[in-house]
Amino acid sequence: MLKSIRFLPVVLVAAFVRPLPALAQNAPPPAASDSDDLEVPANPVTVPGPTAQKPLPGASPQQKPLPPAAARAPAPAADDSELRRELAELRARLDAVDEAQAAPKTRAEEPISAKPVDLEKNAVSRPVPTGVRIGGYLQAQFESNQLSSDQLDQSGAPLNQDRFSVRRARLRLDRGWEYANATLELDASTTRGVNVGIRRAEGSLLYRGKNSQDLPPLLMVTLGVTDLPFGFELLESSRVRPFMERSAGSLALFPTEMDVGAKLSGAVAFLRYAFAVTNGEPVDSLPGRFPRDPNANKDFSGRVGVETHPLAPLSISGGTSFYQGTGFHAGTPATKPSFNWQDTNEDRTIQPSELQAVPGTAATPSSNFNRWAYGLDLELGLRTGYGLTRLVGEGFVASNLDRAYLIASPAPGGPELREAGGYLALVQDVTAWGQVGFRVSYYDPNSDFFRSVRGRQVPTSLATRTLSPMVALRMEDRARLSLQYDFVHDYLAKDSRGVPTDAKNNQLTLRLQVEL
């Protein structure tokens with residue numbers, strides 16, 4: 001009896017850590033007395049003494065007695081039910097995961113991506129995905145111009161144009177939601193000295209409708225520093241533009257692609273539309289620019305176009321644009337009477353005949369004038385085994401809208417300036433590694449210009465024609481090395497007889513663009 005109690009803990013531990021067959025090999029408990037009338041199972045914890053079970057009457061002699069209850073392992077049925085329950089739960093979870101992967105993702109479930117992406121193919125055609133998008137690029141170049149001279153102009157600025165420069169260094173951050181979007185883009189350049197400014201800063205409210213995230217929203221309202229919807233070239237980003245700069249006419253009418261205002265844009269099937277109301281003052285730091293809009297009138301612009309794919313390798317896009325606004329002619333302040341002295345005999349002595357009186361003048365008020373422009377553009381794209389072939393054409397007519405080349409600022413009652421221009425460009429991909437292109441552009445800043453020749457006023461053309469061949473080497477859409485030569489033909493120079501002739505102002509540009 002004492003021995004049984006002494007080995008009781010060992011039996012209990014073995015019951016939990018050893019399998020059932022091992023427990024069956026233990027010695028059976030001592031047999032009960034023949035005089036016992038009632039079978040009582042052994043309970044080594046609470047009942048001491050003989051606890052062996054008495055065999056049932058009629059039991060076969062080979063039947064072994066049952067082991068003690070405390071030494072028996074948990075029933076296999078209970079273990080199986082627990083395992084089956086856990087297995088059922090795991091299967092339910094796997095089925096839920098499979099259903100979630102098979103079901104189409106909703107816009108709210110799309111992951112946030114921070115990799116650089118191209119969202120600038122066209123300002124009115126780019127998608128507005130959800131999540132965070134970070135991108136940027138750097139354009140460093142060497143340029144050489146025939147007008148370059150190792151001299152200074154009257155203001156002290158150098159006339160040298162053979163130089164290295166950073167044309168653009170831009171960093172862009174986009175954050176999109178289901179019904180809103182924000183974009184901030186900074187631009188650094190050394191073209192006119194080292195300067196950093198805002199290239200784009202806009203916030204938008206949008207409604208996607210049934211348009212997927214690969215398409216522009218159905219309706220989007222944007223406020224801030226945003227793109228001007230006019231033509232094709234103005235809306236094409238310099239990040240993907242094959243040529244170095246926009247054509248002369250586009251640069252004259254729109255010195256920058258941006259303005260401060262509000263814009264309504266969207267896409268309905270193959271239709272693209274955008275309308276904007278802006279200050280009408282170019283957003284740049286050139287001398288003579290007003291720091292803010294000088295008049296209360298705002299400018300209106302818009303473009304309505306289409307983007308279609310009638311065939312798998314063929315794409316057609318085009319549109320019509322308008323610009324209607326109010327320009328500002330600055331007045332002059334009042335001046336006091338004064339006199340000038342011109343030392344004609346160079347004796348450094350003031351003589352009465354050398355003095356000239358200059359009367360004072362009254363101030364002249366500032367005034368506004370109307371300006372407008374209308375344009376058409378068309379782009380054809382054909383993808384073949386050699387790559388993509390693009391043919392782009394654009395033309396416009398305008399009035400009093402030149403703000404960079406021959407600035408239009410007619411005085412009250414003065415003549416208005418009529419501008420006209422356009423370009424035709426052909427670009428061919430040479431496999432995925434090369435690209436060649438050719439562009440011819442035309443711009444006339446004043447169709448009614450007269451010039452005095454030998455004392456007579458004769459009509460003279462100020463038109464500029466530019467031929468621009470281009471060749472580029474591309475490296476997996478991460479880097480691009482481009483070479484472009486501009487043959488500029490105009491009548492801005494004079495020969496020894498005073499007759500207008502072609503100015504020597506051709507330009508060579510070598511540029512390396514690298515994605516950030």
# chains A, B, ... in the order shown; residues from 1 in each chain; ligands from 1
call {"tool": "residues_around", "arguments": {"residues": "range 250-264 of chain A", "least_positions_apart": "2", "cutoff": "8 Å", "atoms": "only C-alpha atoms", "output": "PyMOL selection string"}}
result
chain A and resi 199-200+219-228+233-235+246-248+266+274-284+401-406
call {"tool": "residues_around", "arguments": {"residues": "range 357-362 of chain A", "least_positions_apart": "4", "cutoff": "6 Å", "atoms": "only C-alpha atoms", "output": "MDAnalysis selection string"}}
result
chainID A and resid 334:339
call {"tool": "residues_around", "arguments": {"residues": "Pro333 in chain A", "least_positions_apart": "2", "cutoff": "7 Å", "atoms": "only C-alpha atoms", "output": "VMD selection string"}}
result
chain A and resid 331 335 363 to 364
call {"tool": "closest_residue", "arguments": {"among": "A:Phe232, A:Ile350, A:Gly136, A:Phe328", "to": "Leu424 in chain A", "atoms": "only C-alpha atoms"}}
result
A:Phe232
call {"tool": "atom_distance", "arguments": {"atom1": "CA of Tyr491 in chain A", "atom2": "CA of Ala411 in chain A"}}
result
25.8 Å
call {"tool": "closest_residue", "arguments": {"among": "A:Gly498, A:Pro216, A:Gly325, A:Gly387", "to": "Asp299 in chain A", "atoms": "only C-alpha atoms"}}
result
A:Gly325
call {"tool": "select_by_dssp", "arguments": {"residues": "range 249-471 of chain A", "states": "strand (DSSP E or B)", "output": "ChimeraX atom specification"}}
result
/A:258-268,271-278,299-311,314-329,332,335,338-341,355-358,361,364,367-384,387-399,418-430,434-444,450-453,456-459,464-471
call {"tool": "decode", "arguments": {"residues": "range 227-250 of chain A", "atoms": "N, CA and C atoms", "output": "PDB file, in the first residue's frame"}}
result
ATOM      1  N   ASP A 227      -2.402  73.923 -65.106  1.00  0.00           N
ATOM      2  CA  ASP A 227      -2.103  73.993 -66.533  1.00  0.00           C
ATOM      3  C   ASP A 227      -3.156  74.824 -67.265  1.00  0.00           C
ATOM      4  N   LEU A 228      -2.717  75.484 -68.337  1.00  0.00           N
ATOM      5  CA  LEU A 228      -3.622  76.233 -69.195  1.00  0.00           C
ATOM      6  C   LEU A 228      -4.108  75.319 -70.309  1.00  0.00           C
ATOM      7  N   PRO A 229      -5.408  75.108 -70.446  1.00  0.00           N
ATOM      8  CA  PRO A 229      -5.915  74.210 -71.487  1.00  0.00           C
ATOM      9  C   PRO A 229      -6.002  74.917 -72.840  1.00  0.00           C
ATOM     10  N   PHE A 230      -4.916  74.841 -73.615  1.00  0.00           N
ATOM     11  CA  PHE A 230      -4.920  75.418 -74.957  1.00  0.00           C
ATOM     12  C   PHE A 230      -3.983  74.595 -75.838  1.00  0.00           C
ATOM     13  N   GLY A 231      -4.523  74.033 -76.901  1.00  0.00           N
ATOM     14  CA  GLY A 231      -3.709  73.321 -77.866  1.00  0.00           C
ATOM     15  C   GLY A 231      -3.159  72.005 -77.340  1.00  0.00           C
ATOM     16  N   PHE A 232      -2.191  71.478 -78.094  1.00  0.00           N
ATOM     17  CA  PHE A 232      -1.553  70.213 -77.741  1.00  0.00           C
ATOM     18  C   PHE A 232      -0.185  70.426 -77.121  1.00  0.00           C
ATOM     19  N   GLU A 233       0.627  71.284 -77.717  1.00  0.00           N
ATOM     20  CA  GLU A 233       2.003  71.454 -77.257  1.00  0.00           C
ATOM     21  C   GLU A 233       2.064  72.072 -75.872  1.00  0.00           C
ATOM     22  N   LEU A 234       1.146  72.989 -75.563  1.00  0.00           N
ATOM     23  CA  LEU A 234       1.155  73.626 -74.250  1.00  0.00           C
ATOM     24  C   LEU A 234       0.811  72.646 -73.145  1.00  0.00           C
ATOM     25  N   LEU A 235      -0.010  71.659 -73.438  1.00  0.00           N
ATOM     26  CA  LEU A 235      -0.425  70.675 -72.440  1.00  0.00           C
ATOM     27  C   LEU A 235       0.531  69.498 -72.340  1.00  0.00           C
ATOM     28  N   GLU A 236       1.426  69.340 -73.317  1.00  0.00           N
ATOM     29  CA  GLU A 236       2.383  68.243 -73.280  1.00  0.00           C
ATOM     30  C   GLU A 236       3.514  68.575 -72.322  1.00  0.00           C
ATOM     31  N   SER A 237       3.809  67.657 -71.428  1.00  0.00           N
ATOM     32  CA  SER A 237       4.837  67.904 -70.421  1.00  0.00           C
ATOM     33  C   SER A 237       6.221  67.879 -71.057  1.00  0.00           C
ATOM     34  N   SER A 238       7.118  68.715 -70.548  1.00  0.00           N
ATOM     35  CA  SER A 238       8.507  68.698 -71.001  1.00  0.00           C
ATOM     36  C   SER A 238       9.205  67.405 -70.597  1.00  0.00           C
ATOM     37  N   ARG A 239       8.599  66.645 -69.731  1.00  0.00           N
ATOM     38  CA  ARG A 239       9.170  65.364 -69.317  1.00  0.00           C
ATOM     39  C   ARG A 239       9.105  64.329 -70.430  1.00  0.00           C
ATOM     40  N   VAL A 240       8.077  64.401 -71.268  1.00  0.00           N
ATOM     41  CA  VAL A 240       7.896  63.433 -72.350  1.00  0.00           C
ATOM     42  C   VAL A 240       8.001  64.069 -73.726  1.00  0.00           C
ATOM     43  N   ARG A 241       8.156  65.393 -73.796  1.00  0.00           N
ATOM     44  CA  ARG A 241       8.265  66.057 -75.094  1.00  0.00           C
ATOM     45  C   ARG A 241       9.553  65.632 -75.783  1.00  0.00           C
ATOM     46  N   PRO A 242       9.503  65.177 -77.030  1.00  0.00           N
ATOM     47  CA  PRO A 242      10.734  64.734 -77.695  1.00  0.00           C
ATOM     48  C   PRO A 242      11.675  65.874 -78.049  1.00  0.00           C
ATOM     49  N   PHE A 243      11.160  67.068 -78.309  1.00  0.00           N
ATOM     50  CA  PHE A 243      11.995  68.208 -78.671  1.00  0.00           C
ATOM     51  C   PHE A 243      12.367  69.005 -77.420  1.00  0.00           C
ATOM     52  N   MET A 244      13.411  69.823 -77.560  1.00  0.00           N
ATOM     53  CA  MET A 244      13.965  70.516 -76.399  1.00  0.00           C
ATOM     54  C   MET A 244      12.963  71.479 -75.768  1.00  0.00           C
ATOM     55  N   GLU A 245      12.381  72.341 -76.596  1.00  0.00           N
ATOM     56  CA  GLU A 245      11.452  73.348 -76.095  1.00  0.00           C
ATOM     57  C   GLU A 245      10.231  73.393 -77.007  1.00  0.00           C
ATOM     58  N   ARG A 246       9.220  74.120 -76.557  1.00  0.00           N
ATOM     59  CA  ARG A 246       8.063  74.344 -77.405  1.00  0.00           C
ATOM     60  C   ARG A 246       8.430  75.226 -78.598  1.00  0.00           C
ATOM     61  N   SER A 247       7.563  75.270 -79.590  1.00  0.00           N
ATOM     62  CA  SER A 247       7.825  76.077 -80.771  1.00  0.00           C
ATOM     63  C   SER A 247       7.792  77.561 -80.425  1.00  0.00           C
ATOM     64  N   ALA A 248       8.326  78.384 -81.338  1.00  0.00           N
ATOM     65  CA  ALA A 248       8.455  79.819 -81.071  1.00  0.00           C
ATOM     66  C   ALA A 248       7.104  80.475 -80.827  1.00  0.00           C
ATOM     67  N   GLY A 249       6.086  80.087 -81.586  1.00  0.00           N
ATOM     68  CA  GLY A 249       4.775  80.687 -81.395  1.00  0.00           C
ATOM     69  C   GLY A 249       4.159  80.353 -80.052  1.00  0.00           C
ATOM     70  N   SER A 250       4.282  79.105 -79.628  1.00  0.00           N
ATOM     71  CA  SER A 250       3.738  78.714 -78.333  1.00  0.00           C
ATOM     72  C   SER A 250       4.466  79.419 -77.199  1.00  0.00           C
TER      73      SER A 250
END
